[in-house]
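File shown: coords_20.cif. Contents: mmCIF, C-alpha atoms and all ligand atoms.
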data_data
loop_
_atom_site.label_atom_id
_atom_site.label_comp_id
_atom_site.auth_asym_id
_atom_site.auth_seq_id
_atom_site.Cartn_x
_atom_site.Cartn_y
_atom_site.Cartn_z
CA MET H 1 30.01 54.74 -2.58
CA SER H 2 26.79 54.55 -0.61
CA GLU H 3 26.59 56.17 2.80
CA ARG H 4 28.31 54.45 5.72
CA VAL H 5 26.23 53.20 8.61
CA TYR H 6 27.84 53.97 11.97
CA LEU H 7 26.65 51.61 14.73
CA ASP H 8 29.55 51.93 17.18
CA TRP H 9 28.28 54.77 19.37
CA ASN H 10 29.62 53.17 22.56
CA ALA H 11 33.12 53.56 21.12
CA THR H 12 32.53 57.22 20.42
CA THR H 13 29.78 59.43 19.06
CA PRO H 14 29.60 61.97 16.26
CA LEU H 15 29.51 65.57 17.55
CA ARG H 16 26.03 66.87 18.32
CA PRO H 17 25.25 70.07 16.38
CA GLU H 18 24.84 71.93 19.70
CA ALA H 19 28.37 70.90 20.73
CA ARG H 20 29.81 71.89 17.37
CA ALA H 21 28.19 75.35 17.61
CA ALA H 22 29.39 75.88 21.19
CA MET H 23 32.92 74.89 20.26
CA ALA H 24 32.96 77.04 17.15
CA ALA H 25 31.92 80.02 19.30
CA ALA H 26 34.61 79.19 21.88
CA PHE H 27 37.34 79.25 19.23
CA ASP H 28 37.12 83.02 19.30
CA CYS H 29 37.46 83.22 23.07
CA ALA H 30 41.05 84.33 23.54
CA GLY H 31 41.24 84.63 27.30
CA ASN H 32 42.58 82.32 29.98
CA PRO H 33 39.79 81.47 32.46
CA SER H 34 42.15 82.31 35.33
CA SER H 35 42.75 85.88 34.12
CA VAL H 36 40.80 88.68 35.75
CA HIS H 37 40.44 90.90 32.67
CA ALA H 38 37.37 90.86 30.39
CA GLU H 39 38.87 88.27 28.03
CA GLY H 40 39.62 85.96 30.96
CA ARG H 41 36.16 86.47 32.40
CA ALA H 42 34.59 85.55 29.05
CA ALA H 43 36.51 82.26 29.04
CA ARG H 44 35.58 81.66 32.70
CA TYR H 45 31.94 82.20 31.78
CA LEU H 46 32.11 79.43 29.17
CA VAL H 47 33.71 77.01 31.64
CA GLU H 48 31.20 77.78 34.41
CA GLN H 49 28.23 77.61 32.05
CA ALA H 50 29.42 74.17 30.93
CA ARG H 51 29.96 73.13 34.55
CA GLU H 52 26.32 73.90 35.30
CA ARG H 53 25.13 72.03 32.24
CA VAL H 54 27.20 68.91 32.84
CA ALA H 55 26.42 68.85 36.56
CA GLY H 56 22.73 69.22 35.64
CA LEU H 57 22.82 65.93 33.75
CA LEU H 58 23.71 64.20 37.04
CA GLY H 59 21.61 66.37 39.34
CA ALA H 60 24.85 67.46 41.01
CA GLU H 61 26.03 70.79 42.36
CA PRO H 62 28.25 72.52 39.77
CA ARG H 63 30.87 73.25 42.43
CA ASN H 64 31.28 69.49 42.94
CA LEU H 65 32.38 68.87 39.35
CA ILE H 66 36.03 68.64 38.30
CA PHE H 67 36.74 68.83 34.58
CA THR H 68 39.26 66.28 33.28
CA SER H 69 40.63 65.12 29.94
CA GLY H 70 38.05 62.31 29.76
CA GLY H 71 36.65 59.24 31.45
CA THR H 72 40.03 57.58 31.89
CA GLU H 73 41.45 60.52 33.83
CA ALA H 74 38.27 60.91 35.88
CA ASN H 75 38.50 57.26 36.94
CA ALA H 76 42.19 57.59 37.74
CA LEU H 77 41.54 60.77 39.76
CA ALA H 78 38.93 59.06 41.93
CA LEU H 79 40.83 55.83 42.51
CA SER H 80 43.20 57.02 45.19
CA PRO H 81 43.77 55.89 48.77
CA GLN H 82 43.53 59.62 49.60
CA LEU H 83 39.89 59.97 48.51
CA ALA H 84 38.39 61.39 51.68
CA VAL H 85 35.10 62.47 53.11
CA GLY H 86 34.75 65.35 55.57
CA GLY H 87 37.45 65.50 58.21
CA ASP H 88 38.11 61.77 57.88
CA LYS H 89 41.46 61.86 56.09
CA GLY H 90 42.69 58.34 56.92
CA PRO H 91 43.68 56.47 53.77
CA ARG H 92 41.41 53.99 52.02
CA ASP H 93 43.40 50.83 52.29
CA ARG H 94 41.61 48.52 49.85
CA LEU H 95 40.12 48.91 46.37
CA LEU H 96 37.35 46.47 45.39
CA ILE H 97 36.62 46.44 41.66
CA SER H 98 33.84 44.61 39.84
CA ALA H 99 35.23 42.08 37.38
CA ILE H 100 33.63 43.83 34.38
CA GLU H 101 35.05 47.33 34.82
CA HIS H 102 36.65 49.29 31.99
CA PRO H 103 40.46 48.94 31.80
CA SER H 104 40.85 52.51 33.12
CA VAL H 105 39.26 51.34 36.39
CA ARG H 106 40.85 47.91 36.39
CA ALA H 107 44.23 49.66 36.28
CA GLY H 108 43.45 50.60 39.89
CA GLY H 109 44.46 54.27 39.87
CA ARG H 110 46.95 54.94 42.64
CA PHE H 111 46.25 51.80 44.65
CA ALA H 112 49.14 49.34 44.93
CA GLY H 113 48.47 46.04 43.17
CA ALA H 114 48.40 44.07 46.43
CA THR H 115 45.55 46.23 47.76
CA ILE H 116 43.22 45.67 44.78
CA GLU H 117 40.61 42.90 44.79
CA ASP H 118 38.06 41.70 42.24
CA VAL H 119 34.38 41.34 42.98
CA PRO H 120 32.83 38.70 40.71
CA VAL H 121 29.77 39.11 38.51
CA LEU H 122 27.01 36.56 37.98
CA SER H 123 26.70 34.83 34.61
CA SER H 124 24.10 37.47 33.72
CA GLY H 125 26.82 40.14 33.88
CA VAL H 126 25.37 41.74 37.02
CA ILE H 127 27.65 42.23 40.04
CA ASP H 128 27.35 39.49 42.66
CA LEU H 129 26.04 41.59 45.56
CA ALA H 130 26.26 38.64 47.96
CA ALA H 131 29.97 38.28 47.16
CA LEU H 132 30.45 42.03 47.66
CA GLN H 133 28.68 41.88 51.01
CA ALA H 134 30.75 38.86 52.10
CA ARG H 135 33.99 40.62 51.19
CA LEU H 136 32.98 43.82 52.97
CA ASP H 137 32.13 41.78 56.08
CA VAL H 138 35.54 40.12 56.08
CA LEU H 139 37.34 43.45 55.64
CA ARG H 140 35.36 45.08 58.42
CA ALA H 141 36.17 42.20 60.76
CA THR H 142 39.94 42.61 60.37
CA ALA H 143 41.73 43.90 63.45
CA THR H 144 42.66 47.19 61.81
CA GLY H 145 39.21 47.65 60.20
CA VAL H 146 40.01 47.98 56.51
CA ARG H 147 38.33 51.00 54.85
CA PRO H 148 37.45 50.14 51.27
CA LEU H 149 36.85 52.14 48.14
CA VAL H 150 34.59 50.20 45.76
CA ALA H 151 34.35 50.76 42.00
CA LEU H 152 31.22 49.65 40.17
CA MET H 153 30.27 50.89 36.73
CA HIS H 154 26.71 52.08 36.05
CA ALA H 155 26.33 50.28 32.72
CA ASN H 156 28.74 47.99 30.97
CA ASN H 157 30.30 49.28 27.76
CA GLU H 158 30.10 45.89 26.03
CA THR H 159 26.81 44.27 27.08
CA GLY H 160 25.02 47.45 28.18
CA VAL H 161 23.89 45.64 31.36
CA VAL H 162 22.90 48.17 34.04
CA GLN H 163 24.31 47.48 37.51
CA PRO H 164 22.42 47.73 40.82
CA VAL H 165 24.46 50.74 41.87
CA ALA H 166 22.17 52.08 44.61
CA GLU H 167 21.97 48.62 46.23
CA ALA H 168 25.75 48.31 46.10
CA ALA H 169 26.10 51.81 47.56
CA ALA H 170 23.97 50.86 50.56
CA LEU H 171 26.21 47.87 51.29
CA VAL H 172 29.40 49.87 50.79
CA HIS H 173 28.30 52.77 52.97
CA ALA H 174 27.10 50.45 55.75
CA ALA H 175 30.63 49.01 55.77
CA GLY H 176 32.21 52.46 56.06
CA GLY H 177 33.35 52.47 52.44
CA LEU H 178 33.07 54.87 49.52
CA LEU H 179 31.65 54.06 46.07
CA HIS H 180 33.05 55.28 42.77
CA VAL H 181 30.83 54.83 39.71
CA ASP H 182 32.02 54.88 36.12
CA ALA H 183 28.97 56.29 34.32
CA VAL H 184 30.82 56.95 31.07
CA GLN H 185 28.42 54.75 29.08
CA SER H 186 25.19 55.56 30.89
CA ALA H 187 25.35 59.36 31.13
CA GLY H 188 23.19 60.88 28.43
CA LYS H 189 21.50 57.54 27.67
CA ILE H 190 19.60 56.74 30.89
CA PRO H 191 18.93 58.77 34.06
CA CYS H 192 22.11 59.15 36.10
CA ASP H 193 21.07 61.15 39.12
CA ILE H 194 23.98 61.06 41.56
CA GLU H 195 21.65 61.11 44.60
CA ARG H 196 19.58 58.22 43.26
CA LEU H 197 22.72 56.24 42.53
CA GLN H 198 24.13 57.17 45.96
CA ALA H 199 27.56 57.20 44.32
CA ASP H 200 30.23 59.22 46.10
CA THR H 201 32.06 60.01 42.88
CA VAL H 202 31.01 59.55 39.24
CA ALA H 203 33.17 59.59 36.11
CA ILE H 204 31.74 60.77 32.78
CA SER H 205 33.14 61.50 29.33
CA ALA H 206 32.08 64.04 26.69
CA HIS H 207 32.69 61.95 23.59
CA LYS H 208 30.24 59.24 24.62
CA LEU H 209 27.31 61.66 24.64
CA GLY H 210 27.86 63.78 21.57
CA GLY H 211 30.64 66.02 22.86
CA PRO H 212 34.27 66.19 21.78
CA LYS H 213 36.96 63.61 22.54
CA GLY H 214 39.36 64.68 25.28
CA ALA H 215 36.96 66.17 27.84
CA GLY H 216 35.36 64.54 30.86
CA ALA H 217 34.55 65.09 34.49
CA LEU H 218 34.68 63.63 37.95
CA VAL H 219 31.54 64.55 39.85
CA LYS H 220 31.29 64.37 43.65
CA ARG H 221 28.02 63.78 45.50
CA SER H 222 28.90 66.34 48.14
CA GLU H 223 31.34 69.09 48.81
CA ALA H 224 32.61 67.07 51.78
CA ILE H 225 34.28 64.58 49.43
CA HIS H 226 37.88 65.51 48.67
CA VAL H 227 40.27 64.35 46.03
CA GLY H 228 43.17 64.37 48.46
CA ASP H 229 45.73 63.55 45.85
CA PRO H 230 45.32 65.43 42.52
CA LEU H 231 46.92 63.84 39.47
CA PHE H 232 48.13 67.24 38.27
CA LYS H 233 49.27 69.82 40.76
CA GLY H 234 49.91 73.31 39.57
CA GLY H 235 48.00 76.53 39.28
CA GLY H 236 45.15 75.54 41.58
CA GLN H 237 42.56 75.20 38.82
CA GLU H 238 39.40 73.18 39.50
CA ARG H 239 39.56 74.19 43.18
CA GLY H 240 42.98 72.59 43.49
CA SER H 241 41.77 69.19 42.26
CA ARG H 242 43.20 69.41 38.74
CA GLY H 243 45.95 71.83 37.82
CA GLY H 244 46.32 73.10 34.27
CA THR H 245 44.59 75.70 32.12
CA GLU H 246 41.13 74.40 31.28
CA ASN H 247 40.33 72.96 27.83
CA VAL H 248 37.83 75.76 27.24
CA ILE H 249 36.75 74.66 23.76
CA GLY H 250 36.31 71.01 24.72
CA ILE H 251 34.54 71.93 27.93
CA ALA H 252 32.15 74.26 26.08
CA GLY H 253 31.31 71.41 23.68
CA PHE H 254 30.87 69.00 26.61
CA GLY H 255 28.43 71.38 28.29
CA ALA H 256 26.31 71.84 25.18
CA ALA H 257 26.27 68.10 24.47
CA ALA H 258 25.31 67.23 28.05
CA GLU H 259 22.47 69.73 28.00
CA ALA H 260 21.17 68.47 24.65
CA ALA H 261 21.43 64.83 25.77
CA GLY H 262 19.61 65.60 29.02
CA ASN H 263 16.80 67.49 27.28
CA ALA H 264 16.04 64.58 24.95
CA LEU H 265 16.85 61.70 27.32
CA ALA H 266 13.50 59.91 27.68
CA PRO H 267 12.22 60.07 24.06
CA THR H 268 15.65 59.19 22.69
CA ALA H 269 15.94 56.19 24.99
CA LEU H 270 12.51 54.94 23.92
CA ARG H 271 13.33 55.32 20.24
CA MET H 272 16.71 53.60 20.55
CA ALA H 273 15.23 50.73 22.57
CA ALA H 274 12.57 50.18 19.89
CA LEU H 275 15.25 50.14 17.16
CA ARG H 276 17.42 47.80 19.22
CA ASP H 277 14.51 45.42 19.86
CA ARG H 278 13.69 45.36 16.15
CA LEU H 279 17.32 44.66 15.33
CA GLU H 280 17.44 41.75 17.81
CA ALA H 281 14.20 40.27 16.49
CA MET H 282 15.46 40.38 12.89
CA LEU H 283 18.80 38.94 13.92
CA ARG H 284 17.04 36.01 15.62
CA ASP H 285 15.04 35.47 12.44
CA ILE H 286 18.23 34.94 10.46
CA SER H 287 20.27 33.26 13.23
CA PRO H 288 17.87 31.54 15.64
CA ASP H 289 20.83 30.27 17.67
CA ALA H 290 22.13 33.83 18.35
CA VAL H 291 23.00 34.41 22.01
CA ILE H 292 22.22 37.96 23.13
CA PHE H 293 24.25 38.80 26.21
CA GLY H 294 22.22 40.33 29.03
CA GLU H 295 18.95 39.69 27.19
CA GLY H 296 15.94 40.23 29.46
CA LEU H 297 17.95 42.30 31.94
CA GLU H 298 17.94 46.06 32.33
CA ARG H 299 20.33 47.23 29.60
CA LEU H 300 21.32 50.50 27.97
CA PRO H 301 18.62 51.16 25.36
CA ASN H 302 21.18 51.55 22.57
CA THR H 303 23.34 48.46 23.08
CA THR H 304 23.20 44.86 21.95
CA MET H 305 26.02 42.35 22.12
CA PHE H 306 25.46 38.97 20.54
CA ALA H 307 27.30 35.93 19.25
CA VAL H 308 26.27 33.27 16.80
CA PRO H 309 28.03 29.92 17.26
CA GLY H 310 30.44 29.30 14.40
CA ILE H 311 30.76 32.97 13.33
CA LYS H 312 33.91 34.73 14.49
CA ALA H 313 33.61 38.41 15.40
CA GLU H 314 36.69 39.14 13.34
CA THR H 315 35.06 37.68 10.20
CA ALA H 316 31.80 39.49 10.93
CA LEU H 317 33.48 42.86 11.55
CA ILE H 318 35.39 42.73 8.28
CA ALA H 319 32.34 41.61 6.27
CA LEU H 320 30.14 44.29 7.83
CA ASP H 321 32.79 46.96 7.31
CA LEU H 322 33.03 46.02 3.63
CA ALA H 323 29.25 46.29 3.45
CA GLY H 324 29.55 49.83 4.85
CA VAL H 325 28.57 49.10 8.46
CA ALA H 326 30.77 49.97 11.48
CA VAL H 327 30.25 47.83 14.59
CA SER H 328 32.72 46.49 17.11
CA SER H 329 33.76 43.38 18.97
CA GLY H 330 34.40 43.62 22.69
CA SER H 331 35.22 47.04 24.11
CA ALA H 332 36.15 49.85 21.78
CA CYS H 333 39.38 50.63 23.54
CA SER H 334 40.63 47.16 22.69
CA SER H 335 38.96 46.86 19.31
CA GLY H 336 42.30 47.03 17.51
CA LYS H 337 43.24 43.61 18.85
CA VAL H 338 41.41 40.34 18.44
CA ALA H 339 41.49 39.13 22.04
CA GLY H 340 38.62 37.57 23.95
CA SER H 341 36.50 39.97 25.95
CA PRO H 342 37.43 40.05 29.67
CA VAL H 343 33.82 41.07 30.38
CA LEU H 344 32.44 37.90 28.79
CA ALA H 345 35.18 35.86 30.48
CA ALA H 346 34.06 37.29 33.84
CA MET H 347 30.52 36.17 32.94
CA ASN H 348 31.86 32.64 32.30
CA VAL H 349 30.86 32.74 28.64
CA PRO H 350 32.69 29.85 26.90
CA ALA H 351 35.67 31.13 24.89
CA ALA H 352 34.36 29.44 21.72
CA LEU H 353 31.22 31.59 21.91
CA ALA H 354 32.95 34.74 23.20
CA ILE H 355 35.17 35.00 20.11
CA GLY H 356 31.98 35.59 18.14
CA ALA H 357 30.78 38.52 20.24
CA VAL H 358 29.72 41.49 18.13
CA ARG H 359 28.60 44.75 19.73
CA VAL H 360 26.14 47.01 17.96
CA SER H 361 25.57 50.36 19.63
CA LEU H 362 23.03 52.86 18.34
CA GLY H 363 22.79 56.60 18.83
CA PRO H 364 20.20 59.36 18.72
CA ALA H 365 20.71 59.73 14.96
CA SER H 366 20.39 56.01 14.18
CA THR H 367 17.52 55.09 11.87
CA ASP H 368 15.45 52.13 10.72
CA ARG H 369 17.46 52.21 7.51
CA ASP H 370 20.70 51.74 9.49
CA VAL H 371 19.25 48.62 11.10
CA ASP H 372 18.00 47.38 7.72
CA VAL H 373 21.46 47.79 6.16
CA LEU H 374 23.07 45.95 9.07
CA ILE H 375 20.57 43.12 8.93
CA SER H 376 20.88 42.73 5.17
CA ALA H 377 24.70 42.58 5.52
CA TRP H 378 24.32 40.00 8.31
CA ARG H 379 22.00 37.91 6.13
CA ASN H 380 24.59 37.95 3.32
CA LEU H 381 27.34 37.01 5.75
CA VAL H 382 25.40 34.05 7.12
CA ALA H 383 24.38 32.91 3.62
CA GLY H 384 28.00 33.19 2.41
CA LEU H 385 29.33 31.20 5.36
CA SER H 386 26.78 28.40 5.01
CA LYS H 387 27.39 28.21 1.24
CA GLY H 388 31.14 27.92 1.98
CA ARG H 389 30.45 25.13 4.49
CA ARG H 390 28.24 23.24 2.02
CA GLU H 391 30.97 23.48 -0.63
CA VAL H 392 33.64 22.19 1.79
CA ALA H 393 31.34 19.30 2.79
CA ALA H 394 30.53 18.38 -0.84
N1 LIG Q 401 34.78 53.92 31.06
C1 LIG Q 401 34.02 53.27 30.17
C2 LIG Q 401 32.92 52.39 30.65
C3 LIG Q 401 34.27 53.42 28.80
O1 LIG Q 401 33.51 52.77 27.93
C4 LIG Q 401 35.33 54.24 28.38
C5 LIG Q 401 35.67 54.39 26.95
O2 LIG Q 401 35.45 53.50 26.15
C6 LIG Q 401 36.08 54.93 29.37
C7 LIG Q 401 35.78 54.73 30.69
C8 LIG Q 401 37.21 55.84 29.01
O3 LIG Q 401 36.73 57.11 28.63
P1 LIG Q 401 37.64 58.10 27.76
O4 LIG Q 401 37.68 57.53 26.38
O5 LIG Q 401 36.93 59.42 27.83
O6 LIG Q 401 38.97 58.14 28.42
#

Same coordinates, now as structure tokens:
Amino acid sequence: MSERVYLDWNATTPLRPEARAAMAAAFDCAGNPSSVHAEGRAARYLVEQARERVAGLLGAEPRNLIFTSGGTEANALALSPQLAVGGDKGPRDRLLISAIEHPSVRAGGRFAGATIEDVPVLSSGVIDLAALQARLDVLRATATGVRPLVALMHANNETGVVQPVAEAAALVHAAGGLLHVDAVQSAGKIPCDIERLQADTVAISAHKLGGPKGAGALVKRSEAIHVGDPLFKGGGQERGSRGGTENVIGIAGFGAAAEAAGNALAPTALRMAALRDRLEAMLRDISPDAVIFGEGLERLPNTTMFAVPGIKAETALIALDLAGVAVSSGSACSSGKVAGSPVLAAMNVPAALAIGAVRVSLGPASTDRDVDVLISAWRNLVAGLSKGRREVAA
């Protein structure tokens, strides 16, 4: 069997060699990072080295980083009415969520359902900043002065569309709110400096940037921001923000992957964008009526999501898989089910087109050959479908 072509890097990535080596070395580290003896100190060293490396990717202070089990937990940890800044410990009484967030954000963390509101996106897939501003104005004008927490992702996992996070942050802060940013898809692919984004908290995940599955982090912009309400209370690890003995091996792999991703960020982004542009041009050659979601907007360099009228994603996925190519439809976390994408629904994409949405996501190891194999499989799929239609019509 010829080699498989993996083009589903937004779902998860293969391990980077640097992460594999760091994890292999950590296997032999017997100590508990909380122990004071030499074995414990060796494990603590690995955790703190990784903390510096991961924080470095976001330009954050290592002490402001809390390791978690992944992006889902990092989002859940941030989304709490108890998220506080400085001495201001009054609860956040409203959670505003963009309509295209990942399900782990849309679940709302520890906010009660009645206190969660959607903020719409434009048909381009970009948050409607005017709608956000209008909602913040209304909340501020209430007698009690509602204090919102707003969640806006940096880049969408399906379309790759990059959100105007710094602009949103300015609006949110002017209204006395806090901003949480899910940067799970952007970290390691485009610059994610926490100061530039002006995010108060940022969620990231190791397995989206070449690290292992099951490790992630919540990063705070300043030490003054407190997770008032840890998900796991216990031994006081992670400065009391996340109890439980640290996943030393996973964290070591996360650190090495983050450092490697950060070192190669700009050239890798350029290379992936060139591959992606070539892929889209070839796709248009075969299917001139292809709709590329978010085309012309700032997008992750590795991501393209498209639909061709009359071709169902389910059919395409199976045909491509049989041809040795792995891609996905909609978000990875829901790729097991054939439901319409809530992201495309939020963008008002007609359901008949949305059921054809195929996501191709490249990675640092993707090659021209990978794109060629995909395009040749797509050409066969389109030819097969039109032959079938001609036969039915005859
Ligand atoms: N946020 C986004 C945007 C994602 O794409 C994902 C995973 O697909 C997550 C959060 C969840 O991350 P994890 O798989 O580490 O829990």

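A cut-off of 8 Å from the point (29.3, 40.9, 24.6), with all atoms listed in the file, picks out the residues Glu158, Thr159, Ile292, Phe293, Thr304, Met305, Phe306, Ala307, Ser329, Gly330, Ser341, Val343, Leu344, Ala354, Ala357, Val358 and Arg359 of chain H.
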
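Of the listed residues (H:Gln163, H:Ser241, H:Ser205, H:Thr144), H:Ser205 comes nearest to Gly253 in chain H; the distances count all atoms listed in the file.
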
Legend entry - Distance query 12 Å from (42.7, 72.3, 25.8) using all atoms listed in the file, result as a list in words: Met23, Ala26, Phe27, Asn32, Pro33, Val47, Phe67, Thr68, Ser69, Gly70, Pro212, Lys213, Gly214, Ala215, Gly216, Gly244, Thr245, Glu246, Asn247, Val248, Ile249, Gly250, Ile251, Ala252 and Gly253 of chain H

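Closest approach to Ala155 in chain H among H:Arg140, H:Arg299, H:Arg389, H:His226: H:Arg299, based on all atoms listed in the file.
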
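Closest approach to Ala114 in chain H among H:Leu279, H:Leu96, H:Ala130, H:Ala74: H:Leu96, based on all atoms listed in the file.
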